Amino acid sequence: MEILKVQALCKTYGAGAAEVQALQNASFSLQRGEFAAIVGDSGSGKSTLLNCIGGLDTPTSGKVYLDGEDLFALPEARRTIFRRRNIGFVFQSFQLIAELNVEQNLIFPLLLDGRTPDQQQVDEMLEVLGLANRRLHLPSELSGGQQQRAAIGRALLTHPSVVLADEPTGNLDSRSSRDVMDLLLKATRHYRQTVLMITHNLNLTASADRVFRVHDGILTDFGGAQA
């Protein structure tokens, strides 16, 4: 089942001599449960692509369909609610709330949306994350890898249509990076979750179902994972 469709997406910054085409007619689609990676050097346009797919930035032209919904046809207020309910974000800098413990960080998006967390699902997620014994710890009391696992759990607990991971291992050592990649892969298999990750590290794409490269704003589909 197609869950994400990106159609002729373009993003231009500036005008005249200062014009920069950050994205040029990017098109692809993902099926439910796929784990896809976008690789590219710094400044290639991969973060712009992810931000447009997530509704954090507005494309100059083109379409993004998420679970059949035309994201940029929605009024801004409705798009904000739709994004909160259907897109999970995992950032390089974790972006956990410092004053909340692990469990509170996990359930915060649900509470923000007026939903009551299912305690059994919360407990299961903490076990999957390997954080059951850290549930009452503040982010400052966790390692970088543990913080990123908590951030992934927060993204997964809302059961979004897609999880967008922006350089999720960028601030981690090699061992923690492997743990985070294993967790993202487990999420696609265990929860049938669609994950789209951007990275500059080709070594992290070995387990991906699909690999894309962005270079000078142009997206190329490499198909299966790259060695």
# chains A, B, ... in the order shown; residues from 1 in each chain; ligands from 1
>>> select_by_dssp(residues="range 75-205 of chain A", states="alpha helix (DSSP H)", output="NGL selection string")
:A and (76-86 or 102-112 or 119-129 or 144-157 or 174-190)
>>> residues_around(residues="range 113-130 of chain A", least_positions_apart="2", cutoff="12 Å", atoms="only C-alpha atoms", output="number ranges by chain")
A: 80-86, 102-111, 132-136, 145-159, 179-180, 182-184, 186-187, 190-191
>>> closest_residue(among="A:Glu2, A:Glu99, A:Asp57, A:Glu69", to="Leu30 in chain A", atoms="only C-alpha atoms")
A:Glu2
>>> atom_distance(atom1="CA of Val163 in chain A", atom2="CA of Tyr13 in chain A")
26.2 Å
>>> residues_around(residues="Asn201 in chain A", least_positions_apart="5", cutoff="10 Å", atoms="only C-alpha atoms", output="PDB file with N, CA and C atoms, in the first residue's frame")
ATOM      1  N   ILE A  38      17.930   8.457   2.391  1.00  0.00           N
ATOM      2  CA  ILE A  38      18.349   9.470   1.428  1.00  0.00           C
ATOM      3  C   ILE A  38      19.758   9.899   1.807  1.00  0.00           C
ATOM      4  N   VAL A  39      20.686   9.739   0.885  1.00  0.00           N
ATOM      5  CA  VAL A  39      22.075  10.120   1.156  1.00  0.00           C
ATOM      6  C   VAL A  39      22.443  11.328   0.308  1.00  0.00           C
ATOM      7  N   GLY A  40      23.442  12.049   0.768  1.00  0.00           N
ATOM      8  CA  GLY A  40      23.902  13.216   0.041  1.00  0.00           C
ATOM      9  C   GLY A  40      24.824  14.037   0.908  1.00  0.00           C
ATOM     10  N   ASP A  41      25.690  14.795   0.265  1.00  0.00           N
ATOM     11  CA  ASP A  41      26.621  15.654   0.991  1.00  0.00           C
ATOM     12  C   ASP A  41      25.883  16.824   1.629  1.00  0.00           C
ATOM     13  N   GLU A 167      19.373  12.715  10.059  1.00  0.00           N
ATOM     14  CA  GLU A 167      20.712  12.401  10.583  1.00  0.00           C
ATOM     15  C   GLU A 167      20.625  11.880  12.027  1.00  0.00           C
ATOM     16  N   THR A 169      21.891   9.550  13.684  1.00  0.00           N
ATOM     17  CA  THR A 169      23.109   9.070  14.359  1.00  0.00           C
ATOM     18  C   THR A 169      24.230  10.098  14.325  1.00  0.00           C
ATOM     19  N   GLY A 170      23.924  11.306  13.873  1.00  0.00           N
ATOM     20  CA  GLY A 170      24.958  12.313  13.657  1.00  0.00           C
ATOM     21  C   GLY A 170      25.727  12.699  14.904  1.00  0.00           C
TER      22      GLY A 170
END
>>> closest_residue(among="A:Gln31, A:Thr199, A:Ser174, A:Asn101", to="Ser140 in chain A", atoms="only C-alpha atoms")
A:Asn101
>>> closest_residue(among="A:Gln24, A:Thr188, A:Asn171, A:Ser143", to="Ser44 in chain A", atoms="only C-alpha atoms")
A:Gln24
>>> closest_residue(among="A:Pro168, A:Arg192, A:Ala36, A:Ala73", to="Ala208 in chain A", atoms="only C-alpha atoms")
A:Ala36
>>> select_by_dssp(residues="chain A", states="strand (DSSP E or B)", output="JSON, numbers by chain")
{"A": [2, 3, 4, 5, 6, 7, 8, 9, 10, 11, 12, 13, 20, 21, 22, 23, 24, 25, 26, 27, 28, 29, 30, 31, 35, 36, 37, 38, 39, 61, 62, 63, 64, 65, 66, 69, 70, 87, 88, 89, 90, 162, 163, 164, 165, 166, 195, 196, 197, 198, 199, 210, 211, 212, 213, 214, 215, 218, 219, 220, 221, 222, 223]}
>>> atom_distance(atom1="CA of Asn25 in chain A", atom2="CA of Lys46 in chain A")
13.0 Å
>>> atom_distance(atom1="CA of Phe94 in chain A", atom2="CA of Gln7 in chain A")
29.5 Å
>>> closest_residue(among="A:Leu49, A:Ala15, A:Leu100, A:Cys10", to="Arg213 in chain A", atoms="only C-alpha atoms")
A:Leu49
>>> closest_residue(among="A:Ser161, A:Ser47, A:Ser177, A:Thr194", to="Asp209 in chain A", atoms="only C-alpha atoms")
A:Thr194
>>> residues_around(residues="Gln21 in chain A", least_positions_apart="6", cutoff="9 Å", atoms="only C-alpha atoms", output="list in words")
Cys10, Lys11, Thr12, Tyr13, Gly14, Gly45, Asp216 and Gly217 of chain A
>>> residues_around(residues="Gly55 in chain A", least_positions_apart="3", cutoff="10 Å", atoms="only C-alpha atoms", output="PDB file with C-alpha atoms, in the first residue's frame")
ATOM      1  CA  LEU A  49      13.517  17.483   0.797  1.00  0.00           C
ATOM      2  CA  LEU A  50      12.823  16.000   4.221  1.00  0.00           C
ATOM      3  CA  ASN A  51      11.516  19.321   5.563  1.00  0.00           C
ATOM      4  CA  CYS A  52       9.128  19.679   2.622  1.00  0.00           C
ATOM      5  CA  THR A  58       6.750  24.789   1.784  1.00  0.00           C
ATOM      6  CA  PRO A  59       7.877  23.692  -1.691  1.00  0.00           C
ATOM      7  CA  VAL A  64       3.293  15.618  -1.269  1.00  0.00           C
ATOM      8  CA  LEU A  71      -0.408  17.885   2.407  1.00  0.00           C
ATOM      9  CA  PHE A  72      -0.109  21.371   0.954  1.00  0.00           C
ATOM     10  CA  GLU A  76      -2.175  25.799   7.603  1.00  0.00           C
ATOM     11  CA  ARG A  79      -1.889  20.891   8.149  1.00  0.00           C
ATOM     12  CA  THR A  80      -0.358  21.420  11.599  1.00  0.00           C
ATOM     13  CA  PHE A  82      -2.383  16.488  10.323  1.00  0.00           C
ATOM     14  CA  ARG A  83       1.406  16.671  10.674  1.00  0.00           C
ATOM     15  CA  ILE A  87       4.349  12.369  10.876  1.00  0.00           C
TER      16      ILE A  87
END
